[in-house]
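Coordinates as given in target.txt (compact mmCIF, C-alpha atoms and all ligand atoms):
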```
# COMPACT_ATOMS: atom_id res chain seq x y z
CA MET A 220 71.55 195.58 105.16
CA LEU A 221 74.36 193.06 104.63
CA SER A 222 73.55 189.45 105.31
CA ALA A 223 75.81 186.38 105.24
CA SER A 224 74.37 182.90 105.38
CA ASP A 225 76.14 179.57 105.70
CA LEU A 226 79.50 180.88 104.48
CA ARG A 227 82.28 178.39 103.95
CA ARG A 228 85.94 178.92 103.14
CA THR A 229 88.81 176.48 102.83
CA VAL A 230 92.48 177.07 102.07
CA ALA A 231 94.38 174.00 100.93
CA ASP A 232 92.63 171.26 102.93
CA ARG A 233 91.88 173.44 105.94
CA VAL A 234 88.35 174.62 106.63
CA LEU A 235 88.60 178.21 107.89
CA TRP A 236 84.93 178.79 108.45
CA GLN A 237 81.73 176.98 107.64
CA GLY A 238 78.12 177.52 108.56
CA LEU A 239 79.00 181.17 109.26
CA SER A 240 75.88 183.34 109.27
CA PHE A 241 75.35 186.87 110.51
CA GLN A 242 73.71 190.16 109.64
CA VAL A 243 75.03 193.70 109.59
CA MET A 244 72.32 196.25 110.28
CA PRO A 245 72.41 200.03 109.68
CA GLY A 246 74.40 201.65 112.48
CA ASP A 247 76.15 198.42 113.44
CA ARG A 248 79.82 198.46 114.38
CA VAL A 249 80.91 194.86 114.32
CA ALA A 250 84.34 193.65 115.47
CA VAL A 251 85.50 190.43 113.80
CA THR A 252 87.68 188.60 116.28
CA GLY A 253 89.88 185.52 116.07
CA PRO A 254 93.48 184.42 116.22
CA SER A 255 96.01 185.01 113.45
CA GLY A 256 95.28 182.82 110.48
CA SER A 257 91.64 182.17 111.38
CA GLY A 258 90.45 183.88 108.22
CA LYS A 259 89.32 187.35 109.30
CA SER A 260 90.86 189.08 106.28
CA LEU A 261 89.48 186.44 103.95
CA LEU A 262 86.05 186.96 105.49
CA LEU A 263 86.18 190.72 104.85
CA ARG A 264 87.41 190.09 101.30
CA ALA A 265 84.52 187.67 100.71
CA LEU A 266 82.02 190.23 102.04
CA ALA A 267 83.56 192.85 99.73
CA GLY A 268 83.24 190.57 96.70
CA LEU A 269 87.01 190.55 96.21
CA ASP A 270 87.26 186.75 96.52
CA PRO A 271 84.66 184.36 95.11
CA LEU A 272 82.42 182.74 97.69
CA GLN A 273 83.23 179.05 98.08
CA GLY A 274 79.95 178.33 99.85
CA GLY A 275 76.96 180.18 101.19
CA GLU A 276 75.51 183.51 100.18
CA VAL A 277 76.02 187.20 100.86
CA THR A 278 73.17 189.60 100.19
CA LEU A 279 73.16 193.38 100.22
CA HIS A 280 69.77 195.04 100.66
CA GLY A 281 68.19 191.64 100.01
CA ARG A 282 69.94 191.08 96.68
CA SER A 283 72.54 188.36 96.31
CA GLN A 284 76.12 189.53 95.83
CA SER A 285 76.28 187.48 92.61
CA ARG A 286 73.36 189.47 91.17
CA TRP A 287 74.89 192.90 91.76
CA PRO A 288 77.01 194.59 89.11
CA MET A 289 80.37 194.30 90.92
CA PRO A 290 81.47 197.95 90.61
CA GLU A 291 78.17 199.02 92.17
CA TYR A 292 78.41 196.37 94.90
CA ARG A 293 81.98 197.32 95.76
CA SER A 294 81.07 200.99 95.91
CA GLN A 295 78.59 200.04 98.65
CA VAL A 296 80.62 197.40 100.47
CA MET A 297 84.15 198.76 100.61
CA TYR A 298 87.27 196.98 101.86
CA LEU A 299 89.98 199.02 103.54
CA PRO A 300 93.15 196.92 103.64
CA GLN A 301 95.98 197.18 106.13
CA ARG A 302 98.40 198.13 103.35
CA PRO A 303 96.46 200.17 100.81
CA ALA A 304 97.81 200.52 97.29
CA PHE A 305 98.02 203.83 95.47
CA GLY A 306 98.93 204.97 92.00
CA GLN A 307 101.25 207.89 91.46
CA GLY A 308 100.91 211.62 91.93
CA SER A 309 99.75 213.75 94.82
CA VAL A 310 97.38 212.92 97.65
CA LEU A 311 94.86 215.29 96.07
CA GLU A 312 95.08 213.43 92.75
CA GLU A 313 94.70 210.10 94.55
CA LEU A 314 91.58 211.32 96.35
CA ARG A 315 90.16 212.73 93.14
CA ARG A 316 90.86 209.67 90.93
CA PRO A 317 87.88 207.44 91.88
CA PHE A 318 85.50 210.29 91.16
CA GLY A 319 86.53 209.95 87.51
CA LEU A 320 85.17 206.39 87.43
CA LYS A 321 81.81 205.68 85.82
CA ILE A 322 80.32 204.39 89.08
CA GLN A 323 80.98 207.78 90.75
CA SER A 324 80.33 209.92 87.70
CA ALA A 325 77.19 211.52 89.11
CA ARG A 326 79.22 213.05 91.94
CA PRO A 327 81.77 215.83 91.64
CA PHE A 328 84.89 215.49 93.77
CA PRO A 329 84.02 217.02 97.20
CA LEU A 330 87.18 219.03 97.91
CA ASP A 331 85.67 220.81 100.93
CA GLU A 332 84.77 217.50 102.52
CA ALA A 333 88.25 216.11 101.81
CA GLU A 334 89.77 219.10 103.55
CA ARG A 335 87.42 218.69 106.50
CA TRP A 336 88.39 215.04 106.99
CA LEU A 337 92.07 215.80 106.61
CA ALA A 338 91.75 218.61 109.15
CA ALA A 339 89.95 216.24 111.54
CA LEU A 340 92.91 213.88 111.16
CA ASN A 341 95.38 216.74 111.69
CA ARG A 342 96.76 216.26 108.17
CA LEU A 343 95.58 219.27 106.21
CA ASP A 344 99.16 219.54 104.96
CA PHE A 345 98.67 216.28 103.11
CA LEU A 346 97.07 217.33 99.85
CA ASN A 347 100.17 218.19 97.86
CA LEU A 348 102.40 215.38 99.13
CA SER A 349 103.37 212.64 96.71
CA VAL A 350 101.70 209.32 97.49
CA THR A 351 104.97 207.49 96.81
CA THR A 352 106.59 209.19 99.82
CA LEU A 353 103.85 208.41 102.37
CA SER A 354 104.69 206.36 105.44
CA GLY A 355 102.60 203.29 106.26
CA GLY A 356 100.46 205.27 108.71
CA GLU A 357 100.05 208.18 106.31
CA GLY A 358 98.94 205.73 103.64
CA GLN A 359 96.31 204.37 106.02
CA LEU A 360 95.01 207.90 106.66
CA LEU A 361 94.81 208.61 102.94
CA ALA A 362 92.93 205.34 102.33
CA LEU A 363 90.55 206.18 105.16
CA VAL A 364 89.76 209.65 103.81
CA ARG A 365 89.27 208.24 100.32
CA ALA A 366 86.80 205.67 101.67
CA LEU A 367 84.88 208.25 103.72
CA LEU A 368 84.55 210.49 100.65
CA LEU A 369 83.33 207.62 98.51
CA GLY A 370 80.69 206.87 101.13
CA PRO A 371 79.92 203.15 101.07
CA SER A 372 77.04 201.67 103.06
CA VAL A 373 79.32 199.14 104.75
CA LEU A 374 82.98 199.90 105.41
CA LEU A 375 85.17 196.87 106.10
CA LEU A 376 88.28 197.85 108.07
CA ASP A 377 91.11 195.32 108.05
CA GLU A 378 93.59 196.46 110.70
CA ALA A 379 93.07 199.82 109.03
CA THR A 380 94.66 201.84 111.84
CA ALA A 381 97.42 199.36 112.75
CA SER A 382 100.25 201.60 111.49
CA LEU A 383 99.02 204.75 113.23
CA ASP A 384 100.35 206.24 116.45
CA PRO A 385 97.88 206.42 119.38
CA ASP A 386 96.80 210.02 118.71
CA ALA A 387 96.25 209.39 115.01
CA THR A 388 94.40 206.17 115.86
CA ARG A 389 92.01 208.07 118.13
CA ALA A 390 91.52 210.75 115.47
CA ALA A 391 90.73 208.05 112.89
CA GLU A 392 88.26 206.39 115.26
CA ALA A 393 86.58 209.74 115.92
CA ALA A 394 86.35 210.44 112.18
CA LEU A 395 84.77 207.03 111.58
CA ASP A 396 82.37 207.59 114.44
CA GLN A 397 81.36 210.95 112.99
CA TRP A 398 81.01 209.52 109.48
CA CYS A 399 78.89 206.62 110.69
CA ALA A 400 76.59 208.86 112.71
CA ALA A 401 76.11 211.27 109.79
CA GLY A 402 74.26 208.82 107.55
CA PRO A 403 71.26 206.61 108.26
CA VAL A 404 72.48 203.60 106.29
CA ARG A 405 76.09 203.13 107.35
CA ALA A 406 77.84 200.34 109.19
CA LEU A 407 81.40 199.40 110.09
CA VAL A 408 82.95 195.95 110.29
CA TRP A 409 86.35 196.02 111.99
CA VAL A 410 89.20 193.58 112.22
CA SER A 411 91.46 194.76 115.01
CA HIS A 412 93.87 192.82 117.20
CA ASP A 413 93.67 195.50 119.86
CA PRO A 414 91.02 194.60 122.47
CA ALA A 415 91.01 198.18 123.78
CA GLN A 416 90.24 199.48 120.31
CA ARG A 417 87.49 196.91 119.83
CA ALA A 418 85.96 197.99 123.13
CA ARG A 419 86.01 201.61 121.96
CA VAL A 420 84.67 201.16 118.45
CA ALA A 421 82.47 198.07 118.33
CA THR A 422 78.91 197.51 119.46
CA ARG A 423 79.25 193.73 119.12
CA GLU A 424 81.76 191.02 118.28
CA LEU A 425 81.71 188.34 115.60
CA PRO A 426 84.15 185.56 116.52
CA VAL A 427 85.90 183.56 113.83
CA VAL A 428 87.21 180.38 115.44
CA LEU A 429 90.58 178.87 114.50
CA ARG A 430 90.00 175.26 113.42
N1 LIG B 501 95.12 183.77 98.72
C1 LIG B 501 95.35 182.80 99.62
N2 LIG B 501 95.61 181.54 99.21
C2 LIG B 501 95.84 180.57 100.09
N3 LIG B 501 95.83 180.74 101.41
C3 LIG B 501 95.57 181.96 101.88
C4 LIG B 501 95.31 183.06 101.01
N4 LIG B 501 95.11 184.16 101.75
C5 LIG B 501 95.22 183.76 103.02
N5 LIG B 501 95.49 182.45 103.10
C6 LIG B 501 95.64 181.66 104.32
O1 LIG B 501 94.37 181.63 104.95
C7 LIG B 501 94.49 181.74 106.34
C8 LIG B 501 93.68 182.91 106.82
O2 LIG B 501 94.26 184.10 106.36
P1 LIG B 501 93.74 185.53 106.82
O3 LIG B 501 94.69 186.54 106.28
O4 LIG B 501 92.31 185.68 106.48
O5 LIG B 501 93.89 185.39 108.40
P2 LIG B 501 93.60 186.49 109.54
O6 LIG B 501 92.68 185.87 110.51
O7 LIG B 501 93.20 187.76 108.93
O8 LIG B 501 95.07 186.58 110.16
P3 LIG B 501 95.84 187.81 110.86
O9 LIG B 501 95.10 188.06 112.16
O10 LIG B 501 97.21 187.26 111.08
O11 LIG B 501 95.82 188.98 109.92
C9 LIG B 501 95.98 181.85 106.64
O12 LIG B 501 96.45 180.58 107.03
C10 LIG B 501 96.58 182.29 105.32
O13 LIG B 501 97.88 181.78 105.19
```
Represent the structure from my file as structure tokens, please.
Amino acid sequence: MLSASDLRRTVADRVLWQGLSFQVMPGDRVAVTGPSGSGKSLLLRALAGLDPLQGGEVTLHGRSQSRWPMPEYRSQVMYLPQRPAFGQGSVLEELRRPFGLKIQSARPFPLDEAERWLAALNRLDFLNLSVTTLSGGEGQLLALVRALLLGPSVLLLDEATASLDPDATRAAEAALDQWCAAGPVRALVWVSHDPAQRARVATRELPVVLR
């Protein structure tokens, strides 16, 4: 589904990764591992098409990232950052906003599904809160629900539950598990510093070595 071949990334004069090749297949749950500063976030950003590739190639469904219209590519390979950014207004408005974009225009906003995910995360009370008042963990839950509703093929999670308490973390993992199992062409790529979480959520590990 998603294939990376011979990726290379440098910052300043430091080579973070080179000759990095791997594939993400439907149903995969890949944990990207490596010490702080080894380039895990930059790898996810490269896969998501948020940073230009310095070397190598990423293909989605056999088509090079550079040949995809970027909005379409990013709707299929979605990056969930540790500190998601929101606009203004309520949680409901924030969830609804992307469905006004051209790339999503064929799909009406699925309010029932939003309520189901929020209920699964024990946050059905969320919808009318203002996004500007959300805590770090609440922001992560909102970003997660927004991503699940948008339904990419590959969801890239960058410490996406790091601000959650243990119960909320487990609920988020269960929601992701359910979401992944519900579609035939879905995969997760996780960056998590928590080995216990990686053992729970990942089917295999992709090490990024600090050079
Ligand atoms: N936009 C940038 N410009 C220059 N250097 C950057 C940029 N973004 C990150 N870096 C550097 O690249 C290296 C890798 O950063 P990255 O955030 O990918 O690491 P990481 O493995 O995700 O680390 P952590 O586990 O601490 O989150 C770091 O040394 C960082 O300072």
**Message:** Env of A:Leu367: 12 Å cut, atoms = all atoms listed in the file, seq-sep filter 2 positions within chain, self excluded. Answer as a VMD selection string.
**Reply:** chain A and resid 294 to 295 297 to 299 314 329 332 to 337 360 to 365 369 to 376 391 394 to 399 401 to 402 405 to 407
**Asked** For A:Leu340, which residue among A:Val230, A:Leu425, A:Leu262, A:Ala393 is the nearest when counting only C-alpha atoms?
**Response**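 The closest residue to A:Leu340 is A:Ala393.
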Centre and edge lengths, as AutoDock Vina command-line options, for the axis-aligned box enclosing every listed atom of stretch 234-237 of chain A with 3 Å of padding on each of the six sides, in Å to one decimal?
```
--center_x 85.2 --center_y 176.7 --center_z 107.5 --size_x 12.9 --size_y 10.2 --size_z 7.8
```
**Protein and nucleic acid residues within 10 Å of ligand LIG 501 (chain B) (all atoms listed in the file) as a PyMOL selection string** = chain A and resi 228-231+233-236+251-265+270+301+377-378+410-412+427-429
For those residues, write C-alpha atoms to a file as a PDB file, keeping the file's coordinate frame.
```
ATOM      1  CA  ARG A 228      85.940 178.920 103.140  1.00  0.00           C
ATOM      2  CA  THR A 229      88.810 176.480 102.830  1.00  0.00           C
ATOM      3  CA  VAL A 230      92.480 177.070 102.070  1.00  0.00           C
ATOM      4  CA  ALA A 231      94.380 174.000 100.930  1.00  0.00           C
ATOM      5  CA  ARG A 233      91.880 173.440 105.940  1.00  0.00           C
ATOM      6  CA  VAL A 234      88.350 174.620 106.630  1.00  0.00           C
ATOM      7  CA  LEU A 235      88.600 178.210 107.890  1.00  0.00           C
ATOM      8  CA  TRP A 236      84.930 178.790 108.450  1.00  0.00           C
ATOM      9  CA  VAL A 251      85.500 190.430 113.800  1.00  0.00           C
ATOM     10  CA  THR A 252      87.680 188.600 116.280  1.00  0.00           C
ATOM     11  CA  GLY A 253      89.880 185.520 116.070  1.00  0.00           C
ATOM     12  CA  PRO A 254      93.480 184.420 116.220  1.00  0.00           C
ATOM     13  CA  SER A 255      96.010 185.010 113.450  1.00  0.00           C
ATOM     14  CA  GLY A 256      95.280 182.820 110.480  1.00  0.00           C
ATOM     15  CA  SER A 257      91.640 182.170 111.380  1.00  0.00           C
ATOM     16  CA  GLY A 258      90.450 183.880 108.220  1.00  0.00           C
ATOM     17  CA  LYS A 259      89.320 187.350 109.300  1.00  0.00           C
ATOM     18  CA  SER A 260      90.860 189.080 106.280  1.00  0.00           C
ATOM     19  CA  LEU A 261      89.480 186.440 103.950  1.00  0.00           C
ATOM     20  CA  LEU A 262      86.050 186.960 105.490  1.00  0.00           C
ATOM     21  CA  LEU A 263      86.180 190.720 104.850  1.00  0.00           C
ATOM     22  CA  ARG A 264      87.410 190.090 101.300  1.00  0.00           C
ATOM     23  CA  ALA A 265      84.520 187.670 100.710  1.00  0.00           C
ATOM     24  CA  ASP A 270      87.260 186.750  96.520  1.00  0.00           C
ATOM     25  CA  GLN A 301      95.980 197.180 106.130  1.00  0.00           C
ATOM     26  CA  ASP A 377      91.110 195.320 108.050  1.00  0.00           C
ATOM     27  CA  GLU A 378      93.590 196.460 110.700  1.00  0.00           C
ATOM     28  CA  VAL A 410      89.200 193.580 112.220  1.00  0.00           C
ATOM     29  CA  SER A 411      91.460 194.760 115.010  1.00  0.00           C
ATOM     30  CA  HIS A 412      93.870 192.820 117.200  1.00  0.00           C
ATOM     31  CA  VAL A 427      85.900 183.560 113.830  1.00  0.00           C
ATOM     32  CA  VAL A 428      87.210 180.380 115.440  1.00  0.00           C
ATOM     33  CA  LEU A 429      90.580 178.870 114.500  1.00  0.00           C
TER      34      LEU A 429
END
```
**Message:** So the first atom is atom CA of A:Glu357 and the second is atom CA of A:Asp384; what is the distance between them in Å, to one decimal place?
**Reply:** 10.3 Å
**Complete:** If you count only C-alpha atoms, the residue of A:Pro290, A:Met244, A:Ala304, A:Ala387 closest to A:Leu320 turns out to be A:Pro290
**Counting only C-alpha atoms, the option among A:Leu343, A:Val249, A:Val296, A:Val420 closest to A:Leu269** = A:Val296
**Message:** Would you compute the distance between atom CA of A:Arg227 and atom CA of A:Gln284? Give it in Å to one decimal.
**Reply:** 15.1 Å
**Message:** Using Å and a single decimal, report how far atom CA of A:Gly308 sits from atom CA of A:Leu346.
**Reply:** 10.5 Å
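The nearest approach to A:Arg316 among the residues A:Tyr292, A:Phe328, A:Phe241, A:Trp287, with all atoms listed in the file taken into account, belongs to A:Phe328.
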**Prompt:** Of the residues A:Ser382, A:Arg326, A:Ser222, A:Glu312, which is the one nearest to A:Phe345, using all atoms listed in the file?
**Reply:**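 Once distances to A:Phe345 are computed over all atoms listed in the file, the minimum belongs to A:Glu312.
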Atoms kept (N, CA and C atoms) for stretch 357-401 of chain A, as a PDB file, in the first residue's frame:
```pdb
ATOM      1  N   GLU A 357      -7.083  16.455  25.736  1.00  0.00           N
ATOM      2  CA  GLU A 357      -8.366  16.600  25.033  1.00  0.00           C
ATOM      3  C   GLU A 357      -8.145  16.966  23.569  1.00  0.00           C
ATOM      4  N   GLY A 358      -7.131  17.778  23.316  1.00  0.00           N
ATOM      5  CA  GLY A 358      -6.793  18.120  21.932  1.00  0.00           C
ATOM      6  C   GLY A 358      -6.376  16.883  21.156  1.00  0.00           C
ATOM      7  N   GLN A 359      -5.626  16.000  21.811  1.00  0.00           N
ATOM      8  CA  GLN A 359      -5.226  14.755  21.121  1.00  0.00           C
ATOM      9  C   GLN A 359      -6.446  13.897  20.798  1.00  0.00           C
ATOM     10  N   LEU A 360      -7.415  13.851  21.715  1.00  0.00           N
ATOM     11  CA  LEU A 360      -8.624  13.056  21.444  1.00  0.00           C
ATOM     12  C   LEU A 360      -9.410  13.651  20.278  1.00  0.00           C
ATOM     13  N   LEU A 361      -9.520  14.974  20.263  1.00  0.00           N
ATOM     14  CA  LEU A 361     -10.230  15.615  19.156  1.00  0.00           C
ATOM     15  C   LEU A 361      -9.529  15.314  17.820  1.00  0.00           C
ATOM     16  N   ALA A 362      -8.213  15.444  17.807  1.00  0.00           N
ATOM     17  CA  ALA A 362      -7.468  15.177  16.559  1.00  0.00           C
ATOM     18  C   ALA A 362      -7.645  13.724  16.124  1.00  0.00           C
ATOM     19  N   LEU A 363      -7.694  12.830  17.098  1.00  0.00           N
ATOM     20  CA  LEU A 363      -7.878  11.414  16.768  1.00  0.00           C
ATOM     21  C   LEU A 363      -9.253  11.182  16.137  1.00  0.00           C
ATOM     22  N   VAL A 364     -10.286  11.726  16.762  1.00  0.00           N
ATOM     23  CA  VAL A 364     -11.640  11.528  16.213  1.00  0.00           C
ATOM     24  C   VAL A 364     -11.730  12.140  14.820  1.00  0.00           C
ATOM     25  N   ARG A 365     -11.153  13.314  14.647  1.00  0.00           N
ATOM     26  CA  ARG A 365     -11.188  13.959  13.326  1.00  0.00           C
ATOM     27  C   ARG A 365     -10.525  13.059  12.282  1.00  0.00           C
ATOM     28  N   ALA A 366      -9.394  12.466  12.652  1.00  0.00           N
ATOM     29  CA  ALA A 366      -8.695  11.591  11.692  1.00  0.00           C
ATOM     30  C   ALA A 366      -9.525  10.346  11.385  1.00  0.00           C
ATOM     31  N   LEU A 367     -10.122   9.749  12.412  1.00  0.00           N
ATOM     32  CA  LEU A 367     -10.915   8.532  12.181  1.00  0.00           C
ATOM     33  C   LEU A 367     -12.098   8.826  11.262  1.00  0.00           C
ATOM     34  N   LEU A 368     -12.707  10.000  11.447  1.00  0.00           N
ATOM     35  CA  LEU A 368     -13.852  10.363  10.595  1.00  0.00           C
ATOM     36  C   LEU A 368     -13.409  10.574   9.146  1.00  0.00           C
ATOM     37  N   LEU A 369     -12.220  11.157   8.990  1.00  0.00           N
ATOM     38  CA  LEU A 369     -11.757  11.451   7.633  1.00  0.00           C
ATOM     39  C   LEU A 369     -11.314  10.184   6.914  1.00  0.00           C
ATOM     40  N   GLY A 370     -10.932   9.163   7.688  1.00  0.00           N
ATOM     41  CA  GLY A 370     -10.720   7.840   7.120  1.00  0.00           C
ATOM     42  C   GLY A 370      -9.606   7.714   6.114  1.00  0.00           C
ATOM     43  N   PRO A 371      -8.359   8.002   6.512  1.00  0.00           N
ATOM     44  CA  PRO A 371      -7.251   7.770   5.576  1.00  0.00           C
ATOM     45  C   PRO A 371      -7.009   6.283   5.381  1.00  0.00           C
ATOM     46  N   SER A 372      -6.139   5.941   4.429  1.00  0.00           N
ATOM     47  CA  SER A 372      -5.694   4.545   4.304  1.00  0.00           C
ATOM     48  C   SER A 372      -4.602   4.256   5.319  1.00  0.00           C
ATOM     49  N   VAL A 373      -3.699   5.228   5.477  1.00  0.00           N
ATOM     50  CA  VAL A 373      -2.571   5.057   6.409  1.00  0.00           C
ATOM     51  C   VAL A 373      -2.608   6.210   7.400  1.00  0.00           C
ATOM     52  N   LEU A 374      -2.692   5.876   8.674  1.00  0.00           N
ATOM     53  CA  LEU A 374      -2.700   6.893   9.721  1.00  0.00           C
ATOM     54  C   LEU A 374      -1.348   6.858  10.427  1.00  0.00           C
ATOM     55  N   LEU A 375      -0.682   8.010  10.436  1.00  0.00           N
ATOM     56  CA  LEU A 375       0.652   8.138  11.018  1.00  0.00           C
ATOM     57  C   LEU A 375       0.516   8.826  12.368  1.00  0.00           C
ATOM     58  N   LEU A 376       0.820   8.112  13.437  1.00  0.00           N
ATOM     59  CA  LEU A 376       0.565   8.622  14.795  1.00  0.00           C
ATOM     60  C   LEU A 376       1.888   8.996  15.449  1.00  0.00           C
ATOM     61  N   ASP A 377       2.079  10.283  15.682  1.00  0.00           N
ATOM     62  CA  ASP A 377       3.347  10.766  16.250  1.00  0.00           C
ATOM     63  C   ASP A 377       3.141  11.094  17.726  1.00  0.00           C
ATOM     64  N   GLU A 378       3.420  10.120  18.583  1.00  0.00           N
ATOM     65  CA  GLU A 378       3.192  10.306  20.029  1.00  0.00           C
ATOM     66  C   GLU A 378       1.774  10.845  20.255  1.00  0.00           C
ATOM     67  N   ALA A 379       0.831  10.281  19.519  1.00  0.00           N
ATOM     68  CA  ALA A 379      -0.509  10.858  19.447  1.00  0.00           C
ATOM     69  C   ALA A 379      -1.362  10.600  20.682  1.00  0.00           C
ATOM     70  N   THR A 380      -0.834   9.797  21.615  1.00  0.00           N
ATOM     71  CA  THR A 380      -1.570   9.604  22.876  1.00  0.00           C
ATOM     72  C   THR A 380      -0.703  10.017  24.070  1.00  0.00           C
ATOM     73  N   ALA A 381       0.393  10.734  23.800  1.00  0.00           N
ATOM     74  CA  ALA A 381       1.375  11.007  24.865  1.00  0.00           C
ATOM     75  C   ALA A 381       0.829  11.887  25.981  1.00  0.00           C
ATOM     76  N   SER A 382      -0.212  12.684  25.701  1.00  0.00           N
ATOM     77  CA  SER A 382      -0.747  13.572  26.743  1.00  0.00           C
ATOM     78  C   SER A 382      -1.970  12.984  27.439  1.00  0.00           C
ATOM     79  N   LEU A 383      -2.285  11.734  27.132  1.00  0.00           N
ATOM     80  CA  LEU A 383      -3.499  11.129  27.705  1.00  0.00           C
ATOM     81  C   LEU A 383      -3.174  10.353  28.975  1.00  0.00           C
ATOM     82  N   ASP A 384      -4.147  10.296  29.882  1.00  0.00           N
ATOM     83  CA  ASP A 384      -3.994   9.452  31.072  1.00  0.00           C
ATOM     84  C   ASP A 384      -4.127   7.983  30.641  1.00  0.00           C
ATOM     85  N   PRO A 385      -3.755   7.046  31.521  1.00  0.00           N
ATOM     86  CA  PRO A 385      -3.749   5.631  31.101  1.00  0.00           C
ATOM     87  C   PRO A 385      -5.104   5.129  30.598  1.00  0.00           C
ATOM     88  N   ASP A 386      -6.196   5.512  31.249  1.00  0.00           N
ATOM     89  CA  ASP A 386      -7.515   5.040  30.792  1.00  0.00           C
ATOM     90  C   ASP A 386      -7.843   5.596  29.410  1.00  0.00           C
ATOM     91  N   ALA A 387      -7.587   6.886  29.227  1.00  0.00           N
ATOM     92  CA  ALA A 387      -7.873   7.502  27.924  1.00  0.00           C
ATOM     93  C   ALA A 387      -6.956   6.914  26.849  1.00  0.00           C
ATOM     94  N   THR A 388      -5.726   6.599  27.223  1.00  0.00           N
ATOM     95  CA  THR A 388      -4.799   5.981  26.266  1.00  0.00           C
ATOM     96  C   THR A 388      -5.345   4.640  25.792  1.00  0.00           C
ATOM     97  N   ARG A 389      -5.814   3.837  26.750  1.00  0.00           N
ATOM     98  CA  ARG A 389      -6.364   2.520  26.383  1.00  0.00           C
ATOM     99  C   ARG A 389      -7.607   2.680  25.516  1.00  0.00           C
ATOM    100  N   ALA A 390      -8.431   3.669  25.844  1.00  0.00           N
ATOM    101  CA  ALA A 390      -9.645   3.896  25.036  1.00  0.00           C
ATOM    102  C   ALA A 390      -9.255   4.313  23.614  1.00  0.00           C
ATOM    103  N   ALA A 391      -8.230   5.152  23.502  1.00  0.00           N
ATOM    104  CA  ALA A 391      -7.775   5.580  22.171  1.00  0.00           C
ATOM    105  C   ALA A 391      -7.216   4.389  21.396  1.00  0.00           C
ATOM    106  N   GLU A 392      -6.450   3.554  22.066  1.00  0.00           N
ATOM    107  CA  GLU A 392      -5.898   2.360  21.395  1.00  0.00           C
ATOM    108  C   GLU A 392      -7.032   1.442  20.924  1.00  0.00           C
ATOM    109  N   ALA A 393      -8.043   1.272  21.779  1.00  0.00           N
ATOM    110  CA  ALA A 393      -9.174   0.407  21.398  1.00  0.00           C
ATOM    111  C   ALA A 393      -9.922   0.993  20.201  1.00  0.00           C
ATOM    112  N   ALA A 394     -10.092   2.328  20.205  1.00  0.00           N
ATOM    113  CA  ALA A 394     -10.784   2.969  19.076  1.00  0.00           C
ATOM    114  C   ALA A 394      -9.987   2.765  17.789  1.00  0.00           C
ATOM    115  N   LEU A 395      -8.678   2.916  17.873  1.00  0.00           N
ATOM    116  CA  LEU A 395      -7.841   2.725  16.680  1.00  0.00           C
ATOM    117  C   LEU A 395      -7.885   1.282  16.207  1.00  0.00           C
ATOM    118  N   ASP A 396      -7.892   0.375  17.151  1.00  0.00           N
ATOM    119  CA  ASP A 396      -7.970  -1.042  16.812  1.00  0.00           C
ATOM    120  C   ASP A 396      -9.281  -1.330  16.067  1.00  0.00           C
ATOM    121  N   GLN A 397     -10.356  -0.792  16.609  1.00  0.00           N
ATOM    122  CA  GLN A 397     -11.682  -0.976  16.002  1.00  0.00           C
ATOM    123  C   GLN A 397     -11.732  -0.347  14.610  1.00  0.00           C
ATOM    124  N   TRP A 398     -11.192   0.848  14.494  1.00  0.00           N
ATOM    125  CA  TRP A 398     -11.205   1.557  13.215  1.00  0.00           C
ATOM    126  C   TRP A 398     -10.405   0.779  12.169  1.00  0.00           C
ATOM    127  N   CYS A 399      -9.259   0.276  12.599  1.00  0.00           N
ATOM    128  CA  CYS A 399      -8.379  -0.443  11.661  1.00  0.00           C
ATOM    129  C   CYS A 399      -9.053  -1.733  11.176  1.00  0.00           C
ATOM    130  N   ALA A 400      -9.695  -2.411  12.116  1.00  0.00           N
ATOM    131  CA  ALA A 400     -10.320  -3.694  11.767  1.00  0.00           C
ATOM    132  C   ALA A 400     -11.564  -3.510  10.898  1.00  0.00           C
ATOM    133  N   ALA A 401     -12.138  -2.308  10.908  1.00  0.00           N
ATOM    134  CA  ALA A 401     -13.410  -2.089  10.204  1.00  0.00           C
ATOM    135  C   ALA A 401     -13.242  -1.854   8.706  1.00  0.00           C
TER     136      ALA A 401
END
```
